[in-house]
>>> print(open('run-v1.cif').read())   # mmCIF, C-alpha atoms
data_coords
#
loop_
_atom_site.label_atom_id
_atom_site.label_comp_id
_atom_site.auth_asym_id
_atom_site.auth_seq_id
_atom_site.Cartn_x
_atom_site.Cartn_y
_atom_site.Cartn_z
CA MET A 1 -174.41 -75.02 -39.42
CA ALA A 2 -174.60 -73.15 -36.09
CA SER A 3 -176.60 -75.99 -34.50
CA SER A 4 -174.15 -78.60 -35.77
CA ILE A 5 -171.20 -76.63 -34.37
CA SER A 6 -173.01 -76.31 -31.03
CA ALA A 7 -173.43 -80.09 -31.04
CA ILE A 8 -169.64 -80.44 -31.40
CA SER A 9 -168.77 -77.84 -28.74
CA GLU A 10 -170.89 -75.36 -26.83
CA GLU A 11 -168.04 -72.84 -26.75
CA LEU A 12 -167.56 -73.02 -30.53
CA GLY A 13 -171.30 -72.57 -31.00
CA GLU A 14 -171.28 -69.50 -28.76
CA ILE A 15 -168.31 -67.95 -30.60
CA ASP A 16 -169.91 -68.72 -33.97
CA GLY A 17 -173.09 -66.96 -32.87
CA GLN A 18 -171.17 -63.86 -31.77
CA ILE A 19 -169.28 -63.71 -35.09
CA SER A 20 -172.53 -64.07 -37.05
CA ASP A 21 -174.03 -61.15 -35.08
CA ILE A 22 -170.99 -58.98 -35.91
CA PHE A 23 -171.21 -59.87 -39.61
CA ARG A 24 -174.87 -58.83 -39.65
CA ALA A 25 -173.97 -55.56 -37.90
CA LEU A 26 -171.19 -54.91 -40.47
CA SER A 27 -173.55 -55.56 -43.37
CA ASN A 28 -176.14 -53.16 -41.94
CA GLY A 29 -173.44 -50.62 -41.10
CA PHE A 30 -172.05 -50.48 -44.65
CA GLN A 31 -175.56 -50.16 -46.04
CA LYS A 32 -176.11 -47.22 -43.70
CA PHE A 33 -172.71 -45.77 -44.72
CA GLU A 34 -173.76 -45.60 -48.39
CA LYS A 35 -176.69 -43.35 -47.43
CA ILE A 36 -174.48 -40.87 -45.52
CA LYS A 37 -173.28 -37.86 -47.54
CA ASP A 38 -171.29 -35.90 -44.93
CA ALA A 39 -167.59 -36.84 -44.88
CA ASN A 40 -167.22 -36.41 -41.11
CA ARG A 41 -170.19 -38.66 -40.39
CA GLN A 42 -168.80 -41.18 -42.86
CA SER A 43 -165.47 -41.16 -40.97
CA ARG A 44 -167.21 -41.78 -37.64
CA GLN A 45 -169.23 -44.61 -39.19
CA LEU A 46 -166.04 -46.21 -40.56
CA GLU A 47 -164.36 -45.97 -37.14
CA GLU A 48 -167.32 -47.78 -35.57
CA LEU A 49 -167.21 -50.49 -38.23
CA THR A 50 -163.44 -50.84 -37.79
CA GLY A 51 -163.95 -51.52 -34.08
CA LYS A 52 -166.42 -54.29 -34.92
CA MET A 53 -163.89 -55.79 -37.35
CA ARG A 54 -161.23 -55.86 -34.62
CA GLU A 55 -163.65 -57.66 -32.28
CA CYS A 56 -164.52 -60.12 -35.07
CA LYS A 57 -160.81 -60.80 -35.68
CA ARG A 58 -160.29 -61.55 -31.98
CA LEU A 59 -163.25 -63.97 -31.96
CA ILE A 60 -161.96 -65.76 -35.08
CA LYS A 61 -158.59 -66.25 -33.36
CA GLU A 62 -160.37 -67.68 -30.32
CA PHE A 63 -162.43 -69.95 -32.61
CA ASP A 64 -159.20 -71.18 -34.24
CA ARG A 65 -157.63 -71.97 -30.85
CA GLU A 66 -160.70 -73.97 -29.81
CA VAL A 67 -160.60 -75.91 -33.12
CA LYS A 68 -156.92 -76.76 -32.60
CA GLU A 69 -157.68 -78.07 -29.11
CA LEU A 70 -160.41 -80.34 -30.53
CA GLU A 71 -158.28 -81.72 -33.39
CA TYR A 72 -157.28 -84.85 -31.47
CA THR A 73 -160.71 -85.49 -29.94
CA VAL A 74 -162.94 -85.35 -33.04
CA ASP A 75 -163.00 -87.36 -36.25
CA PRO A 76 -161.35 -86.06 -39.46
CA ASP A 77 -164.67 -85.11 -41.08
CA THR A 78 -165.65 -82.93 -38.13
CA SER A 79 -162.21 -81.33 -38.09
CA LYS A 80 -162.56 -80.56 -41.81
CA ILE A 81 -165.97 -78.93 -41.25
CA LEU A 82 -164.58 -76.73 -38.48
CA ASN A 83 -161.58 -75.63 -40.58
CA GLU A 84 -163.82 -74.82 -43.55
CA LYS A 85 -166.04 -72.77 -41.24
CA LYS A 86 -163.00 -70.84 -39.99
CA GLN A 87 -161.81 -70.16 -43.56
CA SER A 88 -165.31 -68.92 -44.45
CA MET A 89 -165.22 -66.50 -41.50
CA VAL A 90 -161.78 -65.19 -42.51
CA LYS A 91 -162.88 -64.72 -46.12
CA GLU A 92 -166.00 -62.80 -45.12
CA LEU A 93 -164.05 -60.59 -42.71
CA ASN A 94 -161.46 -59.82 -45.42
CA SER A 95 -164.24 -58.76 -47.79
CA TYR A 96 -165.47 -56.22 -45.21
CA VAL A 97 -161.88 -55.01 -44.63
CA ALA A 98 -161.42 -54.43 -48.38
CA LEU A 99 -164.75 -52.57 -48.50
CA LYS A 100 -163.69 -50.40 -45.57
CA LYS A 101 -160.38 -49.53 -47.31
CA GLN A 102 -162.25 -48.58 -50.48
CA TYR A 103 -164.61 -46.26 -48.61
CA ALA A 104 -161.73 -44.74 -46.62
CA SER A 105 -159.89 -44.00 -49.88
CA ASN A 106 -162.99 -42.32 -51.30
CA ILE A 107 -163.25 -40.10 -48.21
CA GLU A 108 -159.60 -39.04 -48.51
CA ASN A 109 -160.06 -38.16 -52.17
CA LYS A 110 -162.90 -35.81 -51.20
CA ARG A 111 -160.67 -33.91 -48.80
CA VAL A 112 -158.47 -31.54 -50.83
CA ASP A 113 -155.97 -29.44 -48.91
CA LEU A 114 -155.05 -26.22 -50.64
CA PHE A 115 -151.66 -24.64 -49.96
CA GLY A 116 -150.85 -21.21 -51.41
CA GLY A 117 -148.79 -18.13 -50.89
CA PRO A 118 -147.29 -15.15 -52.66
CA ALA A 119 -144.84 -15.87 -55.42
CA GLU A 120 -141.25 -15.24 -54.49
CA GLY A 121 -139.79 -12.31 -56.42
CA PHE A 122 -136.38 -10.83 -56.75
CA GLU A 123 -135.70 -7.13 -56.58
CA ASP A 124 -132.54 -5.19 -56.83
CA ASP A 125 -132.55 -2.82 -53.86
CA ASN A 126 -129.81 -0.65 -55.25
CA ASN A 127 -131.03 -0.37 -58.80
CA GLY A 128 -134.73 -1.02 -58.34
CA GLY A 129 -135.60 2.41 -59.75
CA PHE A 130 -133.57 1.97 -62.94
CA LEU A 131 -134.96 0.79 -66.22
CA ALA A 132 -133.09 -1.85 -68.17
CA SER A 133 -132.68 0.61 -71.04
CA SER A 134 -130.84 3.08 -68.79
CA MET A 135 -128.31 0.46 -67.51
CA THR A 136 -124.92 -0.16 -69.03
CA ASN A 137 -123.90 -3.64 -70.15
CA GLN A 138 -121.79 -4.12 -67.01
CA GLN A 139 -124.70 -3.14 -64.77
CA LEU A 140 -126.99 -5.56 -66.61
CA MET A 141 -124.45 -8.37 -66.18
CA ASP A 142 -123.94 -7.61 -62.50
CA ASN A 143 -127.69 -7.47 -61.92
CA GLY A 144 -128.14 -10.82 -63.75
CA HIS A 145 -125.37 -12.48 -61.72
CA GLN A 146 -126.91 -11.20 -58.51
CA MET A 147 -130.34 -12.62 -59.44
CA MET A 148 -128.76 -15.97 -60.35
CA ASP A 149 -126.93 -16.10 -57.02
CA GLU A 150 -130.15 -15.36 -55.13
CA THR A 151 -131.96 -18.04 -57.14
CA ASP A 152 -129.23 -20.60 -56.36
CA GLN A 153 -129.45 -19.76 -52.66
CA ALA A 154 -133.23 -20.17 -52.73
CA ILE A 155 -132.88 -23.56 -54.44
CA GLU A 156 -130.34 -24.71 -51.85
CA ARG A 157 -132.66 -23.65 -49.03
CA SER A 158 -135.51 -25.54 -50.69
CA LYS A 159 -133.35 -28.67 -51.02
CA LYS A 160 -132.41 -28.43 -47.36
CA VAL A 161 -136.06 -28.11 -46.30
CA VAL A 162 -137.03 -31.07 -48.49
CA HIS A 163 -134.19 -33.18 -47.06
CA GLU A 164 -135.20 -32.35 -43.49
CA THR A 165 -138.85 -33.10 -44.31
CA VAL A 166 -137.89 -36.51 -45.74
CA ASN A 167 -135.86 -37.34 -42.63
CA VAL A 168 -138.69 -36.33 -40.32
CA GLY A 169 -141.15 -38.37 -42.40
CA THR A 170 -138.87 -41.43 -42.29
CA GLU A 171 -138.45 -41.18 -38.52
CA THR A 172 -142.21 -40.70 -38.06
CA ALA A 173 -142.98 -43.73 -40.25
CA ALA A 174 -140.51 -45.87 -38.29
CA ALA A 175 -142.02 -44.74 -34.97
CA LEU A 176 -145.55 -45.44 -36.21
CA LYS A 177 -144.52 -48.90 -37.42
CA ALA A 178 -142.94 -49.71 -34.05
CA GLN A 179 -146.04 -48.50 -32.20
CA THR A 180 -148.29 -50.52 -34.51
CA GLU A 181 -146.27 -53.69 -33.88
CA GLN A 182 -146.33 -53.02 -30.14
CA MET A 183 -150.11 -52.55 -30.17
CA SER A 184 -150.50 -55.76 -32.17
CA ARG A 185 -148.42 -57.66 -29.57
CA ILE A 186 -150.47 -56.16 -26.74
CA VAL A 187 -153.73 -57.20 -28.44
CA ASN A 188 -152.43 -60.75 -28.94
CA GLU A 189 -151.32 -60.94 -25.29
CA LEU A 190 -154.74 -59.69 -24.13
CA ASP A 191 -156.43 -62.34 -26.28
CA SER A 192 -154.22 -65.04 -24.76
CA ILE A 193 -154.94 -63.79 -21.22
CA HIS A 194 -158.69 -63.75 -21.93
CA PHE A 195 -158.53 -67.29 -23.30
CA SER A 196 -156.48 -68.52 -20.28
CA LEU A 197 -158.93 -66.94 -17.83
CA LYS A 198 -161.82 -68.63 -19.59
CA LYS A 199 -160.11 -72.03 -19.40
CA ALA A 200 -159.23 -71.49 -15.74
CA SER A 201 -162.87 -70.68 -14.96
CA GLN A 202 -163.99 -73.90 -16.63
CA LEU A 203 -161.39 -75.89 -14.70
CA VAL A 204 -162.56 -74.41 -11.39
CA LYS A 205 -166.16 -75.37 -12.22
CA GLU A 206 -165.12 -78.95 -13.02
CA ILE A 207 -163.14 -79.21 -9.78
CA GLY A 208 -166.16 -77.90 -7.85
CA ARG A 209 -168.42 -80.54 -9.40
CA GLN A 210 -165.90 -83.28 -8.60
CA VAL A 211 -165.59 -82.12 -4.98
CA ALA A 212 -169.40 -82.12 -4.62
CA THR A 213 -169.53 -85.68 -5.98
CA ASP A 214 -166.82 -86.84 -3.57
CA ARG A 215 -168.73 -85.32 -0.64
CA CYS A 216 -171.89 -87.19 -1.62
CA ILE A 217 -170.01 -90.48 -1.80
CA MET A 218 -168.35 -89.91 1.60
CA THR A 219 -171.72 -89.05 3.15
CA LEU A 220 -173.28 -92.24 1.75
CA LEU A 221 -170.40 -94.38 3.03
CA PHE A 222 -170.70 -92.74 6.45
CA LEU A 223 -174.42 -93.54 6.60
CA ILE A 224 -173.78 -97.20 5.62
CA VAL A 225 -171.06 -97.63 8.25
CA ALA A 226 -173.24 -95.96 10.90
CA GLY A 227 -176.12 -98.27 10.01
CA VAL A 228 -173.95 -101.38 10.27
CA ILE A 229 -172.58 -100.25 13.64
CA ALA A 230 -176.12 -99.57 14.88
CA ILE A 231 -177.27 -103.07 13.85
CA ILE A 232 -174.25 -104.67 15.55
CA ILE A 233 -174.96 -102.79 18.76
CA VAL A 234 -178.65 -103.81 18.71
CA LYS A 235 -177.76 -107.46 18.09
CA LEU A 236 -175.35 -107.42 20.99
CA VAL A 237 -177.87 -105.83 23.34
CA HIS A 238 -180.84 -107.97 22.22
CA PRO A 239 -179.34 -111.18 20.86
CA ASN A 240 -182.69 -113.06 20.90
CA ASN A 241 -184.60 -110.44 18.92
CA LYS A 242 -185.71 -112.32 15.77
CA ASP A 243 -186.95 -109.16 14.06
CA ILE A 244 -183.35 -108.11 13.41
CA ARG A 245 -181.68 -110.12 10.65
CA ASP A 246 -178.17 -111.39 11.06
CA ILE A 247 -175.47 -109.43 9.31
CA PRO A 248 -173.73 -111.52 6.62
CA GLY A 249 -170.25 -112.51 7.75
CA LEU A 250 -170.99 -111.84 11.43
CA ALA A 251 -171.30 -114.92 13.67
CA PRO A 252 -174.52 -115.17 15.69
CA PRO A 253 -174.21 -114.49 19.39
CA VAL A 254 -173.25 -117.46 21.58
CA PRO A 255 -176.16 -118.61 23.79
CA SER A 256 -175.55 -118.38 27.48
CA ARG A 257 -174.41 -121.64 29.03
CA ARG A 258 -175.79 -123.00 32.26
CA LEU A 259 -173.88 -125.40 34.45
CA LEU A 260 -175.81 -128.50 35.41
CA TRP A 261 -175.18 -129.81 38.85
CA ILE A 262 -176.87 -132.39 41.03
CA PRO A 263 -177.47 -131.37 44.61
CA ASP A 264 -176.31 -133.77 47.29
#
>>> encode(input="run-v1.cif", output="C-alpha cells")
Amino acid sequence: MASSISAISEELGEIDGQISDIFRALSNGFQKFEKIKDANRQSRQLEELTGKMRECKRLIKEFDREVKELEYTVDPDTSKILNEKKQSMVKELNSYVALKKQYASNIENKRVDLFGGPAEGFEDDNNGGFLASSMTNQQLMDNGHQMMDETDQAIERSKKVVHETVNVGTETAAALKAQTEQMSRIVNELDSIHFSLKKASQLVKEIGRQVATDRCIMTLLFLIVAGVIAIIIVKLVHPNNKDIRDIPGLAPPVPSRRLLWIPD
C-alpha cells in the first residue's frame, strides 16, 4: 500500500511512512507500559505516548489536505483508495487513544488521597463540669438548645464552603475549557502555517527549475544567432569561398562588374 501511495504522490508516501513509524512506536510503547509497575513511571510513559499521538494527528490532517488537493487530478478509484487509507489511519489512532484513556483511568484509581481530621465536638464551657443528672430540666433544655444552635451554625458554614467550592470549580472548568480551545486553535494554525511553508518551498523550487530552463534556451538562441552572423560576415568578406555554404534565404553576393571599353 505504501508503494502504491508513493506512486500517486511522493508527499503522500512520505507522510504515510511517518504515520506508520509512529503507529509502530505506539504499539511498542504500550507493550512496554504493561510491563511497568510504578505509577509515576507509567504516567511518564503515557505522556510520551500522548505526544506521539498528537504528532500522528497532525500528520493525518496533513495527509487529508493532500488528498483533497488531489481529488480533481486523480481518478475516482484512486480517490477512494486514499480516503479508505485515511479512515484506516483515523481508526487506528482512535484505538490507541481509547487504550491510553483506559490506562490513565487505571493509574488514577491506584492513587487514593486520604483526608482526615479530628471529629468536631461540642462542649458547654459554662456547664462542662456538670453531670446531666445534676442539671435541672431548664438547664438541660437550655444546654440542648445551645448545642442545636451551634450545630445549625456549623451546617451553615459547611454549606457556604461547599457553595464557594462549587463556584471556584465552575470558574476553573470554564477557564480550562477556554484554554483548551485556544490551544487547539493555535495547533491548527501552526499546522496550516507548516503546510503553507511546505507548499511555498515547492513553488520556489519549480520556479527555479523554470528559470534554469529559460536560461538554457536563451543561451542556445544566442549561440545560433551568433553563428549566423559569423557566417554572414565570412561570406561578405570572402564571397568566392566555396567551402562556406550559402545561407538559405540569403541571396548570393553579386559578382563584381567590369566595364568593357575599346581604346581608340
>>> atom_distance(input="run-v1.cif", atom1="CA of Glu66 in chain A", atom2="CA of Ser6 in chain A")
12.6 Å
>>> axis_aligned_box(input="run-v1.cif", around="range 216-233 of chain A", padding_each_side="5 Å", output="JSON")
{"center_x": -172.8, "center_y": -95.9, "center_z": 8.5, "size_x": 18.9, "size_y": 27.5, "size_z": 30.6}
>>> resolve_selection(input="run-v1.cif", expression="the PyMOL selection byres ((chain A and resi 23) around 12)", output="NGL selection string")
:A and (16-22 or 24-30 or 49 or 52-57 or 59-60 or 88-97)
>>> write_last_selection(input="run-v1.cif", atoms="C-alpha atoms", output="mmCIF file, in the frame of the given file")
data_model
loop_
_atom_site.group_PDB
_atom_site.id
_atom_site.type_symbol
_atom_site.label_atom_id
_atom_site.label_comp_id
_atom_site.auth_asym_id
_atom_site.auth_seq_id
_atom_site.Cartn_x
_atom_site.Cartn_y
_atom_site.Cartn_z
ATOM 1 C CA ASP A 16 -169.910 -68.720 -33.970
ATOM 2 C CA GLY A 17 -173.090 -66.960 -32.870
ATOM 3 C CA GLN A 18 -171.170 -63.860 -31.770
ATOM 4 C CA ILE A 19 -169.280 -63.710 -35.090
ATOM 5 C CA SER A 20 -172.530 -64.070 -37.050
ATOM 6 C CA ASP A 21 -174.030 -61.150 -35.080
ATOM 7 C CA ILE A 22 -170.990 -58.980 -35.910
ATOM 8 C CA ARG A 24 -174.870 -58.830 -39.650
ATOM 9 C CA ALA A 25 -173.970 -55.560 -37.900
ATOM 10 C CA LEU A 26 -171.190 -54.910 -40.470
ATOM 11 C CA SER A 27 -173.550 -55.560 -43.370
ATOM 12 C CA ASN A 28 -176.140 -53.160 -41.940
ATOM 13 C CA GLY A 29 -173.440 -50.620 -41.100
ATOM 14 C CA PHE A 30 -172.050 -50.480 -44.650
ATOM 15 C CA LEU A 49 -167.210 -50.490 -38.230
ATOM 16 C CA LYS A 52 -166.420 -54.290 -34.920
ATOM 17 C CA MET A 53 -163.890 -55.790 -37.350
ATOM 18 C CA ARG A 54 -161.230 -55.860 -34.620
ATOM 19 C CA GLU A 55 -163.650 -57.660 -32.280
ATOM 20 C CA CYS A 56 -164.520 -60.120 -35.070
ATOM 21 C CA LYS A 57 -160.810 -60.800 -35.680
ATOM 22 C CA LEU A 59 -163.250 -63.970 -31.960
ATOM 23 C CA ILE A 60 -161.960 -65.760 -35.080
ATOM 24 C CA SER A 88 -165.310 -68.920 -44.450
ATOM 25 C CA MET A 89 -165.220 -66.500 -41.500
ATOM 26 C CA VAL A 90 -161.780 -65.190 -42.510
ATOM 27 C CA LYS A 91 -162.880 -64.720 -46.120
ATOM 28 C CA GLU A 92 -166.000 -62.800 -45.120
ATOM 29 C CA LEU A 93 -164.050 -60.590 -42.710
ATOM 30 C CA ASN A 94 -161.460 -59.820 -45.420
ATOM 31 C CA SER A 95 -164.240 -58.760 -47.790
ATOM 32 C CA TYR A 96 -165.470 -56.220 -45.210
ATOM 33 C CA VAL A 97 -161.880 -55.010 -44.630
#
>>> atom_distance(input="run-v1.cif", atom1="CA of Lys198 in chain A", atom2="CA of Glu10 in chain A")
13.4 Å
>>> atom_distance(input="run-v1.cif", atom1="CA of Leu46 in chain A", atom2="CA of Leu12 in chain A")
28.7 Å
>>> resolve_selection(input="run-v1.cif", expression="the PyMOL selection byres ((chain A and resi 195) around 12)", output="PyMOL selection string")
chain A and resi 11+58-59+61-66+188-194+196-202
>>> closest_residue(input="run-v1.cif", among="A:Lys85, A:Gln210, A:Lys80, A:Gly169", to="Ile15 in chain A", atoms="only C-alpha atoms")
A:Lys85
>>> closest_residue(input="run-v1.cif", among="A:Lys101, A:Asp77, A:Ser43, A:Ile36", to="Ile8 in chain A", atoms="all atoms listed in the file")
A:Asp77
>>> closest_residue(input="run-v1.cif", among="A:Leu99, A:Ala104, A:Val162, A:Ile81", to="Glu47 in chain A", atoms="all atoms listed in the file")
A:Ala104
